[in-house]
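Enquirer: Below you'll find run34.csv; it's CSV, C-alpha atoms.
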```csv
chain,number,residue,atom,x,y,z
I,192,MET,CA,19.8,-17.6,-20.0
I,193,LYS,CA,17.8,-20.7,-20.8
I,194,ARG,CA,15.8,-22.5,-18.1
I,195,LEU,CA,17.0,-25.7,-16.7
I,196,LEU,CA,15.5,-28.6,-18.6
I,197,ILE,CA,14.2,-30.1,-15.4
I,198,LEU,CA,11.8,-27.1,-15.1
I,199,ILE,CA,10.1,-27.7,-18.4
I,200,ALA,CA,7.6,-30.1,-16.8
I,201,VAL,CA,7.1,-27.6,-14.0
I,202,VAL,CA,6.3,-24.8,-16.4
I,203,ALA,CA,3.8,-27.0,-18.3
I,204,MET,CA,2.0,-27.7,-15.1
I,205,LEU,CA,2.0,-24.1,-13.9
I,206,ALA,CA,1.1,-22.4,-16.9
I,207,ALA,CA,-1.8,-21.2,-19.0
I,208,ALA,CA,-0.7,-17.7,-19.3
I,209,CYS,CA,-3.6,-15.2,-19.4
I,210,SER,CA,-3.8,-13.7,-22.9
I,211,SER,CA,-6.8,-11.4,-22.7
I,212,ASP,CA,-6.4,-7.6,-22.8
I,213,SER,CA,-5.8,-6.1,-19.3
I,214,ASP,CA,-8.6,-3.6,-19.7
I,215,ASP,CA,-11.1,-6.4,-20.2
I,216,THR,CA,-9.7,-8.6,-17.4
I,217,THR,CA,-9.3,-6.1,-14.6
I,218,THR,CA,-11.4,-7.4,-11.6
I,219,THR,CA,-12.1,-6.6,-8.0
I,220,ALA,CA,-10.9,-8.4,-5.0
I,221,GLY,CA,-12.7,-11.7,-4.3
I,222,SER,CA,-13.2,-12.9,-7.8
I,223,GLY,CA,-12.0,-16.2,-9.1
I,224,THR,CA,-11.5,-17.9,-5.8
I,225,ASP,CA,-11.4,-21.7,-5.8
I,226,GLU,CA,-10.4,-23.1,-2.5
I,227,THR,CA,-9.8,-26.6,-3.8
I,228,THR,CA,-7.3,-25.4,-6.4
I,229,THR,CA,-5.4,-23.4,-3.9
I,230,THR,CA,-5.3,-26.1,-1.3
I,231,ALA,CA,-3.8,-28.4,-3.9
I,232,ALA,CA,-1.2,-25.8,-4.9
I,233,MET,CA,-0.2,-25.3,-1.3
I,234,ASP,CA,0.0,-29.0,-0.6
I,235,ASP,CA,2.2,-29.3,-3.6
I,236,GLY,CA,4.8,-27.4,-1.5
I,237,GLY,CA,7.1,-24.6,-2.4
I,238,SER,CA,9.9,-26.7,-3.9
I,239,ASP,CA,8.7,-26.5,-7.5
I,240,LEU,CA,8.1,-22.7,-7.3
I,241,ASP,CA,11.4,-22.2,-5.4
I,242,ALA,CA,13.2,-24.1,-8.2
I,243,ALA,CA,11.5,-22.0,-10.9
I,244,ILE,CA,12.4,-18.8,-9.1
I,245,ALA,CA,16.1,-19.9,-8.7
I,246,ALA,CA,16.3,-20.3,-12.5
I,247,CYS,CA,14.9,-16.9,-13.3
I,248,ALA,CA,17.4,-14.5,-15.1
I,249,PRO,CA,17.2,-10.7,-15.3
I,250,GLY,CA,14.7,-9.6,-17.9
I,251,GLN,CA,13.2,-13.1,-18.3
I,252,THR,CA,9.4,-13.6,-18.6
I,253,ASP,CA,7.4,-16.8,-18.3
I,254,GLY,CA,3.9,-15.6,-19.0
I,255,ASP,CA,1.5,-12.8,-18.3
I,256,LEU,CA,1.6,-11.1,-14.9
I,257,ASN,CA,-1.4,-11.6,-12.6
I,258,PHE,CA,-0.9,-8.5,-10.4
I,259,TYR,CA,-2.9,-8.1,-7.1
I,260,ASN,CA,-2.5,-4.5,-6.0
I,261,TRP,CA,-4.1,-1.7,-4.1
I,262,THR,CA,-6.5,0.5,-6.1
I,263,GLU,CA,-5.0,3.5,-7.9
I,264,TYR,CA,-1.5,2.5,-7.1
I,265,ILE,CA,0.2,2.4,-10.6
I,266,PRO,CA,-0.3,4.8,-13.5
I,267,TYR,CA,-2.1,3.3,-16.5
I,268,GLY,CA,-4.7,4.2,-19.0
I,269,SER,CA,-6.6,7.4,-18.6
I,270,ALA,CA,-5.3,8.0,-15.1
I,271,ALA,CA,-1.7,8.1,-16.5
I,272,GLU,CA,-2.9,10.6,-19.1
I,273,ASP,CA,-4.6,12.8,-16.4
I,274,TYR,CA,-1.5,12.9,-14.3
I,275,GLU,CA,0.7,13.4,-17.4
I,276,VAL,CA,3.0,10.5,-16.4
I,277,THR,CA,4.1,7.3,-18.2
I,278,ASP,CA,1.6,4.5,-18.5
I,279,LEU,CA,3.8,1.9,-16.7
I,280,VAL,CA,1.5,-1.0,-17.4
I,281,ALA,CA,1.5,-0.3,-21.2
I,282,LYS,CA,5.3,0.3,-21.1
I,283,PHE,CA,6.0,-3.0,-19.4
I,284,GLU,CA,3.6,-4.9,-21.7
I,285,GLU,CA,5.2,-3.3,-24.8
I,286,GLU,CA,8.8,-3.8,-23.6
I,287,TYR,CA,8.4,-7.5,-22.6
I,288,GLY,CA,5.6,-8.7,-24.8
I,289,VAL,CA,3.3,-9.9,-22.0
I,290,LYS,CA,0.0,-8.7,-20.4
I,291,ILE,CA,-0.6,-7.4,-16.9
I,292,ILE,CA,-3.9,-8.6,-15.5
I,293,GLN,CA,-4.8,-6.4,-12.5
I,294,THR,CA,-7.0,-7.2,-9.6
I,295,PHE,CA,-7.5,-4.8,-6.7
I,296,TYR,CA,-8.0,-4.8,-2.9
I,297,GLU,CA,-8.6,-2.2,-0.3
I,298,ASP,CA,-6.8,-3.6,2.8
I,299,ASN,CA,-4.1,-6.0,3.8
I,300,GLU,CA,-6.5,-8.4,5.5
I,301,THR,CA,-8.6,-8.8,2.3
I,302,MET,CA,-5.5,-9.6,0.3
I,303,LEU,CA,-4.3,-12.1,3.0
I,304,ALA,CA,-7.6,-13.9,3.0
I,305,GLN,CA,-7.5,-14.2,-0.8
I,306,ILE,CA,-4.0,-15.7,-0.9
I,307,GLU,CA,-5.0,-18.1,1.9
I,308,ALA,CA,-8.1,-19.1,0.1
I,309,GLY,CA,-6.4,-19.0,-3.2
I,310,GLY,CA,-7.8,-20.0,-6.6
I,311,ALA,CA,-6.7,-16.9,-8.5
I,312,PRO,CA,-3.1,-17.5,-9.5
I,313,TYR,CA,-1.6,-14.2,-8.4
I,314,ASP,CA,2.0,-13.7,-9.4
I,315,LEU,CA,2.8,-10.5,-7.5
I,316,ILE,CA,1.2,-8.8,-4.5
I,317,VAL,CA,1.9,-5.5,-2.7
I,318,PRO,CA,1.6,-6.2,1.1
I,319,SER,CA,2.4,-3.6,3.7
I,320,ASP,CA,5.3,-4.0,6.1
I,321,TYR,CA,3.6,-5.9,9.0
I,322,MET,CA,1.8,-8.2,6.5
I,323,VAL,CA,5.1,-9.3,5.0
I,324,SER,CA,6.2,-10.7,8.3
I,325,THR,CA,2.8,-12.4,8.8
I,326,MET,CA,2.9,-14.0,5.3
I,327,ALA,CA,6.6,-15.0,5.5
I,328,ASP,CA,6.3,-16.7,8.8
I,329,PRO,CA,7.4,-20.3,8.3
I,330,GLU,CA,4.2,-21.6,9.9
I,331,VAL,CA,2.2,-19.7,7.3
I,332,ALA,CA,4.6,-19.8,4.4
I,333,LEU,CA,2.5,-17.8,1.9
I,334,LEU,CA,5.5,-16.0,0.3
I,335,ALA,CA,8.1,-17.4,-2.0
I,336,PRO,CA,11.8,-16.3,-1.7
I,337,ILE,CA,13.1,-13.5,-3.9
I,338,ASN,CA,15.9,-14.3,-6.4
I,339,LYS,CA,18.0,-11.2,-5.9
I,340,ALA,CA,20.3,-12.0,-8.8
I,341,ALA,CA,17.3,-11.6,-11.1
I,342,ILE,CA,16.7,-8.0,-9.8
I,343,PRO,CA,19.9,-6.0,-10.5
I,344,ASN,CA,18.1,-2.7,-9.8
I,345,LEU,CA,17.9,-3.7,-6.1
I,346,ALA,CA,21.1,-1.6,-5.9
I,347,ASN,CA,18.9,1.4,-6.2
I,348,VAL,CA,17.0,0.9,-3.0
I,349,ASP,CA,17.5,3.5,-0.3
I,350,PRO,CA,19.4,2.0,2.7
I,351,LEU,CA,16.6,3.4,4.9
I,352,PHE,CA,14.4,0.7,3.5
I,353,THR,CA,16.8,-2.2,3.9
I,354,GLY,CA,17.3,-4.3,7.0
I,355,MET,CA,13.8,-3.6,8.2
I,356,PRO,CA,12.5,-5.7,11.1
I,357,PHE,CA,9.7,-7.4,9.2
I,358,ASP,CA,12.1,-8.8,6.6
I,359,PRO,CA,15.6,-8.0,7.8
I,360,SER,CA,17.5,-9.7,4.9
I,361,GLY,CA,14.9,-8.7,2.2
I,362,ASP,CA,14.5,-12.4,1.4
I,363,TYR,CA,10.7,-12.1,0.7
I,364,SER,CA,10.0,-8.5,-0.3
I,365,VAL,CA,11.2,-5.5,-2.2
I,366,PRO,CA,10.1,-1.9,-1.4
I,367,TYR,CA,7.5,-0.4,-3.7
I,368,GLN,CA,6.3,2.9,-2.1
I,369,ALA,CA,6.3,4.5,1.4
I,370,GLY,CA,4.4,7.2,3.1
I,371,THR,CA,2.5,8.3,6.2
I,372,SER,CA,-1.1,8.2,7.4
I,373,GLY,CA,-2.7,11.1,9.1
I,374,LEU,CA,-5.6,13.6,8.6
I,375,GLY,CA,-6.7,15.4,5.5
I,376,PHE,CA,-9.0,18.4,6.1
I,377,ALA,CA,-10.8,21.3,4.6
I,378,TYR,CA,-9.4,24.7,5.6
I,379,GLU,CA,-12.9,26.2,5.5
I,380,TYR,CA,-13.6,24.2,8.6
I,381,VAL,CA,-10.3,23.3,10.2
I,382,ASP,CA,-7.6,25.7,11.3
I,383,ASP,CA,-4.1,24.1,11.2
I,384,THR,CA,-2.3,27.2,12.6
I,385,ASP,CA,-1.4,25.4,15.8
I,386,GLY,CA,-1.1,22.0,14.3
I,387,ILE,CA,-3.5,19.1,13.7
I,388,SER,CA,-4.6,16.7,16.5
I,389,TRP,CA,-6.3,13.3,16.5
I,390,GLY,CA,-8.7,15.1,18.7
I,391,LEU,CA,-10.5,16.2,15.6
I,392,VAL,CA,-11.8,12.7,15.6
I,393,PHE,CA,-11.6,11.5,19.2
I,394,ASP,CA,-12.2,14.5,21.4
I,395,PRO,CA,-16.0,14.9,21.8
I,396,ASP,CA,-15.9,18.7,22.1
I,397,MET,CA,-13.3,19.2,19.3
I,398,SER,CA,-14.9,16.9,16.9
I,399,GLU,CA,-18.6,17.6,17.5
I,400,PRO,CA,-18.7,20.4,14.9
I,401,TYR,CA,-17.7,17.8,12.3
I,402,ALA,CA,-20.1,15.1,13.3
I,403,GLY,CA,-21.2,13.2,10.3
I,404,LEU,CA,-18.4,14.8,8.2
I,405,ILE,CA,-15.6,12.6,9.4
I,406,THR,CA,-14.2,9.4,7.7
I,407,MET,CA,-11.7,6.9,9.0
I,408,LEU,CA,-9.8,4.2,7.2
I,409,ASN,CA,-11.5,0.8,7.1
I,410,ASP,CA,-8.4,-0.8,8.5
I,411,GLU,CA,-8.1,-2.2,12.0
I,412,ARG,CA,-4.5,-1.5,12.6
I,413,GLU,CA,-4.5,2.0,11.1
I,414,THR,CA,-7.7,3.2,12.8
I,415,LEU,CA,-7.1,1.7,16.2
I,416,GLY,CA,-3.5,2.9,15.8
I,417,ALA,CA,-4.7,6.4,15.5
I,418,ALA,CA,-6.7,6.0,18.7
I,419,LEU,CA,-3.7,4.5,20.4
I,420,LYS,CA,-1.4,7.4,19.3
I,421,TYR,CA,-4.0,9.9,20.6
I,422,LEU,CA,-3.9,8.2,24.0
I,423,GLY,CA,-0.1,8.2,24.0
I,424,TYR,CA,0.4,4.5,23.4
I,425,SER,CA,2.3,2.6,20.7
I,426,VAL,CA,0.4,1.5,17.6
I,427,ASN,CA,1.9,-2.0,18.2
I,428,THR,CA,0.7,-2.4,21.8
I,429,THR,CA,-0.1,-5.9,23.0
I,430,ASP,CA,-1.4,-4.5,26.3
I,431,GLN,CA,-5.1,-5.5,26.4
I,432,ALA,CA,-6.0,-2.7,28.7
I,433,GLN,CA,-4.5,-0.1,26.3
I,434,LEU,CA,-6.3,-1.7,23.4
I,435,ASP,CA,-9.6,-1.7,25.4
I,436,GLU,CA,-9.1,2.0,26.0
I,437,ALA,CA,-8.5,2.7,22.3
I,438,THR,CA,-11.6,0.6,21.4
I,439,ALA,CA,-13.8,2.5,23.8
I,440,LEU,CA,-12.4,5.8,22.3
I,441,LEU,CA,-13.2,4.7,18.8
I,442,SER,CA,-16.6,3.3,19.8
I,443,ASP,CA,-17.5,6.7,21.3
I,444,ALA,CA,-16.4,8.5,18.2
I,445,ASN,CA,-18.3,6.1,16.0
I,446,SER,CA,-21.5,8.2,16.2
I,447,ARG,CA,-19.6,11.1,14.6
I,448,ILE,CA,-17.9,9.1,11.9
I,449,ALA,CA,-19.8,9.0,8.6
I,450,ALA,CA,-17.9,6.2,7.0
I,451,TYR,CA,-15.0,3.8,7.3
I,452,ASP,CA,-13.4,4.0,3.8
I,453,SER,CA,-10.0,3.0,2.5
I,454,ALA,CA,-10.7,3.5,-1.2
I,455,ALA,CA,-12.5,6.9,-1.6
I,456,PHE,CA,-11.4,8.8,1.6
I,457,ASP,CA,-9.7,11.5,-0.6
I,458,ASP,CA,-12.5,11.8,-3.1
I,459,LEU,CA,-15.1,12.2,-0.2
I,460,LEU,CA,-13.0,15.1,1.2
I,461,VAL,CA,-12.6,17.0,-2.1
I,462,ALA,CA,-16.3,16.5,-2.9
I,463,GLY,CA,-17.3,18.1,0.3
I,464,GLU,CA,-18.9,15.0,1.8
I,465,SER,CA,-16.3,15.0,4.6
I,466,VAL,CA,-14.2,17.8,6.1
I,467,VAL,CA,-11.9,15.6,8.2
I,468,ALA,CA,-10.6,12.4,6.7
I,469,HIS,CA,-8.2,9.8,7.9
I,470,GLY,CA,-6.1,8.5,5.1
I,471,TRP,CA,-2.7,8.1,3.4
I,472,ASN,CA,-0.8,11.1,2.3
I,473,GLY,CA,-0.4,10.2,-1.3
I,474,GLY,CA,-4.1,9.6,-1.8
I,475,PHE,CA,-4.9,13.1,-0.6
I,476,PHE,CA,-2.2,14.8,-2.6
I,477,GLY,CA,-3.2,12.9,-5.7
I,478,SER,CA,-6.8,14.1,-5.4
I,479,PHE,CA,-5.8,17.7,-4.6
I,480,ASP,CA,-3.6,17.7,-7.7
I,481,GLU,CA,-6.2,16.1,-9.9
I,482,ILE,CA,-8.9,18.7,-9.2
I,483,SER,CA,-6.5,21.7,-9.5
I,484,THR,CA,-6.6,23.6,-12.7
I,485,ASP,CA,-4.9,26.6,-14.2
I,486,ASP,CA,-7.5,28.8,-12.4
I,487,TYR,CA,-7.9,26.7,-9.2
I,488,ASP,CA,-5.4,25.5,-6.7
I,489,ALA,CA,-7.0,22.8,-4.4
I,490,TYR,CA,-4.1,23.1,-2.0
I,491,GLU,CA,-5.5,26.5,-0.9
I,492,ASP,CA,-8.7,24.7,0.2
I,493,PHE,CA,-7.4,21.4,1.5
I,494,GLY,CA,-4.5,20.2,3.6
I,495,TYR,CA,-2.9,17.1,5.1
I,496,ALA,CA,-0.8,16.6,8.2
I,497,VAL,CA,0.5,14.0,10.6
I,498,PRO,CA,-1.2,14.8,13.9
I,499,MET,CA,0.9,16.3,16.6
I,500,GLU,CA,0.5,13.1,18.7
I,501,GLY,CA,2.2,11.1,16.0
I,502,GLY,CA,1.2,8.7,13.3
I,503,ILE,CA,2.1,5.7,11.2
I,504,ILE,CA,4.9,5.4,8.6
I,505,TRP,CA,4.5,2.5,6.3
I,506,VAL,CA,6.2,0.9,3.4
I,507,ASP,CA,4.4,-1.3,0.8
I,508,LEU,CA,6.4,-4.0,-0.8
I,509,MET,CA,6.4,-6.3,-3.8
I,510,ALA,CA,6.3,-9.9,-2.9
I,511,ILE,CA,5.6,-13.2,-4.8
I,512,PRO,CA,2.9,-15.4,-3.2
I,513,ILE,CA,3.0,-19.2,-3.4
I,514,THR,CA,0.1,-19.0,-5.9
I,515,ALA,CA,2.5,-17.6,-8.5
I,516,GLU,CA,2.5,-19.3,-11.9
I,517,HIS,CA,4.8,-16.7,-13.6
I,518,PRO,CA,7.5,-15.9,-11.0
I,519,CYS,CA,10.1,-14.9,-13.6
I,520,THR,CA,7.8,-12.2,-15.0
I,521,ALA,CA,7.2,-11.1,-11.5
I,522,HIS,CA,10.9,-10.6,-10.9
I,523,THR,CA,11.3,-8.7,-14.2
I,524,PHE,CA,8.4,-6.4,-13.2
I,525,ILE,CA,10.0,-5.8,-9.8
I,526,ASN,CA,13.2,-4.8,-11.6
I,527,PHE,CA,11.2,-2.6,-14.0
I,528,ILE,CA,9.7,-0.7,-11.1
I,529,LEU,CA,13.1,-0.2,-9.5
I,530,ASP,CA,14.4,1.4,-12.7
I,531,PRO,CA,15.2,5.0,-11.8
I,532,GLU,CA,12.9,6.6,-14.5
I,533,ASN,CA,10.0,4.2,-13.8
I,534,GLY,CA,10.4,4.7,-10.1
I,535,GLY,CA,10.2,8.4,-10.5
I,536,GLU,CA,7.1,8.2,-12.6
I,537,LEU,CA,5.5,6.0,-10.0
I,538,THR,CA,6.0,8.6,-7.3
I,539,ASN,CA,4.9,11.4,-9.6
I,540,TYR,CA,1.6,9.6,-9.9
I,541,THR,CA,1.1,8.3,-6.3
I,542,TYR,CA,2.6,11.2,-4.4
I,543,TYR,CA,4.2,8.8,-2.0
I,544,MET,CA,7.8,8.6,-0.8
I,545,SER,CA,10.0,6.6,-3.1
I,546,PRO,CA,12.3,4.0,-1.6
I,547,ASN,CA,14.3,4.2,-4.8
I,548,LEU,CA,17.2,6.6,-4.4
I,549,ALA,CA,18.1,6.5,-8.0
I,550,ALA,CA,14.6,7.7,-8.9
I,551,TYR,CA,15.0,11.0,-7.1
I,552,GLU,CA,16.3,12.8,-10.2
I,553,TYR,CA,13.1,11.9,-12.0
I,554,ILE,CA,10.7,13.0,-9.3
I,555,SER,CA,9.0,16.4,-9.5
I,556,PRO,CA,10.9,18.9,-7.3
I,557,GLU,CA,7.6,20.0,-5.7
I,558,ILE,CA,7.0,16.4,-4.6
I,559,LEU,CA,10.5,15.7,-3.5
I,560,GLU,CA,10.8,18.9,-1.5
I,561,ASP,CA,7.3,18.5,0.2
I,562,PRO,CA,7.8,17.5,3.9
I,563,ALA,CA,4.4,16.0,4.0
I,564,ILE,CA,5.6,13.5,1.4
I,565,PHE,CA,9.2,13.1,2.3
I,566,PRO,CA,9.0,13.7,6.1
I,567,THR,CA,11.5,15.8,8.0
I,568,PRO,CA,13.7,14.1,10.6
I,569,GLU,CA,11.6,15.7,13.3
I,570,THR,CA,8.4,14.2,11.9
I,571,MET,CA,10.1,10.8,11.4
I,572,GLU,CA,10.7,10.7,15.2
I,573,GLN,CA,6.9,10.8,15.7
I,574,LEU,CA,6.1,7.9,13.4
I,575,GLU,CA,5.9,4.2,13.9
I,576,PHE,CA,5.8,1.2,11.6
I,577,ILE,CA,3.0,-1.2,12.1
I,578,ALA,CA,4.6,-4.4,13.4
I,579,ASP,CA,3.3,-7.9,13.4
I,580,VAL,CA,1.9,-8.6,16.8
I,581,GLY,CA,1.4,-12.3,16.3
I,582,ASP,CA,-1.8,-13.9,17.7
I,583,PHE,CA,-2.7,-10.5,19.3
I,584,SER,CA,-3.7,-9.4,15.8
I,585,LEU,CA,-7.0,-11.3,16.5
I,586,ASN,CA,-7.6,-8.9,19.4
I,587,TYR,CA,-7.3,-6.0,17.1
I,588,ALA,CA,-9.7,-7.5,14.6
I,589,ASP,CA,-12.2,-8.2,17.4
I,590,ALA,CA,-11.7,-4.7,18.9
I,591,PHE,CA,-12.3,-3.0,15.5
I,592,ALA,CA,-15.5,-4.9,14.8
I,593,GLN,CA,-16.7,-4.1,18.3
I,594,ALA,CA,-15.9,-0.4,18.0
I,595,LYS,CA,-17.7,-0.1,14.7
I,596,GLY,CA,-20.8,-1.8,16.1
```
Take the structure I supplied and represent it as structure tokens, if you would.

Expert:
Amino acid sequence: MKRLLILIAVVAMLAAACSSDSDDTTTTAGSGTDETTTTAAMDDGGSDLDAAIAACAPGQTDGDLNFYNWTEYIPYGSAAEDYEVTDLVAKFEEEYGVKIIQTFYEDNETMLAQIEAGGAPYDLIVPSDYMVSTMADPEVALLAPINKAAIPNLANVDPLFTGMPFDPSGDYSVPYQAGTSGLGFAYEYVDDTDGISWGLVFDPDMSEPYAGLITMLNDERETLGAALKYLGYSVNTTDQAQLDEATALLSDANSRIAAYDSAAFDDLLVAGESVVAHGWNGGFFGSFDEISTDDYDAYEDFGYAVPMEGGIIWVDLMAIPITAEHPCTAHTFINFILDPENGGELTNYTYYMSPNLAAYEYISPEILEDPAIFPTPETMEQLEFIADVGDFSLNYADAFAQAKG
């Protein structure tokens, strides 16, 4: 379908598609920021972008894709070869004749700050559940609406991941991957016979043997959420007294924590630099699998569990920020990820739960049948989504900074 003629001028203003090779243009979070450029783009309003999105058709591209994503969250290059899965970046580029320029971030707050500051014209981002509601809030308005007609593979999404409270109608986001956060550990030091407890971090007596060998995520909601679950509270509390109690607990544990790390928590564990690590399930399983060989099974030395006190279930979603210059390419990429085979390969690489029901037939049986990846109903009852807590989020940020010293 051709674009409306009225959009030709819009495209001319938006565009200068990036043409350099993705291997040469991959950057880290924080690069390319130009506050003046972004402010101008925001002041221009969402009407032009909304109109461009409304005109997008299935399979249409309008330039290269500037993709702002978590690290190690899509198979490409040597990593795809190592995991023996399809290079989804190369496949998309070949199929649609465009480039994917990747930039990476390690936490939602860094991504949010970059979109707010702007400059880099990101076309697609992968915020977590609670961050979607923050960015879609009309007073913030950092996300553009999704044109569902341009994404026919939306029909493949598991009903479990529709109608979610942070975006009930799915107007601003489409599920990408889901999973849990909990504790990875080395069996040489930690016995999981009677289950795993957050006490391995927060109980002074239980955690003392691991002092200096514990890592926690560098994420205020995840890490304070772990302390809150240990105390028997909700990860979404807005009770200042409960948050203060969790802050004191984390502050006390701080002397035993070697690092707050959201990027290499799994690598530190398998390298022996930690023996108890807070992190996301897929990160651990990916590393366990990566170091396993025909003669060595890393799963005999390392494990992962949602602690008995409960934990966090999350879903990361694809969304189009108001910085987007190539929204049609973004929609086509979303549809590409929701293709059954592509969705299966994504989970075979990330070791996270797929929200794509049609992808199940392409997911490795050992992944699909692993309750640590696809939780049992009993485990699901112990899990909470992180919710947007409004202005109280500043209290979490302050508390995290205080606890870390």

Enquirer: To one decimal place, how far is atom CA of I:Phe527 from atom CA of I:Leu548 in Å?

Expert: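 Between atom CA of I:Phe527 and atom CA of I:Leu548 the gap is 14.6 Å.
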
Enquirer: Residues within 10 Å of I:Leu279, please, as a PyMOL selection string. Count only C-alpha atoms; anything in the same chain fewer than 6 positions from it doesn't count.

Expert: chain I and resi 265-268+271+285+527-528+533-534+536-537

Enquirer: Leaving out I:Asp443 and any residue of its chain fewer than 3 positions from it, which residues lie within 10 Å of it when counting all atoms listed in the file, given as a PDB file with C-alpha atoms, in the frame of the given file?

Expert:
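File selection11.pdb, as written:
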```
ATOM      1  CA  PHE I 393     -11.600  11.500  19.200  1.00  0.00           C
ATOM      2  CA  ASP I 394     -12.200  14.500  21.400  1.00  0.00           C
ATOM      3  CA  PRO I 395     -16.000  14.900  21.800  1.00  0.00           C
ATOM      4  CA  ALA I 437      -8.500   2.700  22.300  1.00  0.00           C
ATOM      5  CA  THR I 438     -11.600   0.600  21.400  1.00  0.00           C
ATOM      6  CA  ALA I 439     -13.800   2.500  23.800  1.00  0.00           C
ATOM      7  CA  LEU I 440     -12.400   5.800  22.300  1.00  0.00           C
ATOM      8  CA  SER I 446     -21.500   8.200  16.200  1.00  0.00           C
ATOM      9  CA  ARG I 447     -19.600  11.100  14.600  1.00  0.00           C
ATOM     10  CA  ILE I 448     -17.900   9.100  11.900  1.00  0.00           C
ATOM     11  CA  ALA I 594     -15.900  -0.400  18.000  1.00  0.00           C
ATOM     12  CA  LYS I 595     -17.700  -0.100  14.700  1.00  0.00           C
TER      13      LYS I 595
END
```

Enquirer: Per residue of stretch 450-523 of chain I within 9 Å of stretch 332-344 of chain I, which atom pair is closest and at what distance in Å (one decimal), using only C-alpha atoms, listed by chain and increasing number, as a tab-separated table?

Expert:
```
residue	atom	partner	partner_atom	distance
I:Ala510	CA	I:Leu334	CA	6.9
I:Ile511	CA	I:Ala335	CA	5.6
I:Pro512	CA	I:Leu334	CA	4.4
I:Ile513	CA	I:Leu334	CA	5.5
I:Thr514	CA	I:Leu333	CA	8.2
I:Ala515	CA	I:Ala335	CA	8.6
I:Cys519	CA	I:Ala341	CA	8.3
I:His522	CA	I:Ile342	CA	6.5
I:Thr523	CA	I:Ile342	CA	7.0
```

Enquirer: Just the residues within 7 Å of I:Ile564, please, counting only C-alpha atoms, with nothing from its chain fewer than 2 positions along; format it as a PyMOL selection string.

Expert: chain I and resi 370+472+542-544+558+561-562+566

Enquirer: Using only C-alpha atoms, find the one residue out of I:Ser555, I:Ser584, I:Thr252, I:Ser372 that sits nearest to I:Asp430.

Expert: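 Residue with the minimum atom-to-atom distance to I:Asp430: I:Ser584.
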
Enquirer: Nearest to I:Ala549: which of I:Leu529, I:Met571, I:Ala242, I:Ile292 is it, counting only C-alpha atoms?

Expert: I:Leu529

Enquirer: Can you work out which one of I:Ile503, I:Leu460, I:Val365, I:Ala450 has the shortest atom-to-atom distance to I:Glu572, counting only C-alpha atoms?

Expert: I:Ile503

Enquirer: Identify which of the residues I:Asn526, I:Ser324, I:Ser478, I:Gln433 lies closest to I:Tyr490, counting all atoms listed in the file when measuring atom-to-atom distances.

Expert: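 Once distances to I:Tyr490 are computed over all atoms listed in the file, the minimum belongs to I:Ser478.
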
Enquirer: With distances taken over all atoms listed in the file, which residue among I:Asp385, I:Asp457, I:Asp435, I:Asp239 lies nearest I:Met407?

Expert: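 For I:Met407, the nearest of the candidates is I:Asp457.
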
Enquirer: Can you pull out every residue within 6 Å of stretch 467-471 of chain I, counting all atoms listed in the file, but drop anything in the same chain fewer than 2 positions away, and send it as an MDAnalysis selection string?

Expert: chainID I and resid 371:376 405:408 465 473:474

Enquirer: Would you mind listing what lies within 8 Å of I:Ala417 as an NGL selection string, with all atoms listed in the file counted and same-chain residues fewer than 6 positions away left out?

Expert: :I and (389 or 426 or 502)

Enquirer: Smallest atom-to-atom distance to I:Gly310: which of I:Gly494, I:Phe475, I:Ile554, I:Glu516, using all atoms listed in the file?

Expert: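 Looking at the shortest contact to I:Gly310, the residue is I:Glu516.
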
Enquirer: Grab the atom CA of I:Met509 to atom CA of I:Asp349 distance for me, in Å with one decimal place.

Expert: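 Between atom CA of I:Met509 and atom CA of I:Asp349 the gap is 15.2 Å.
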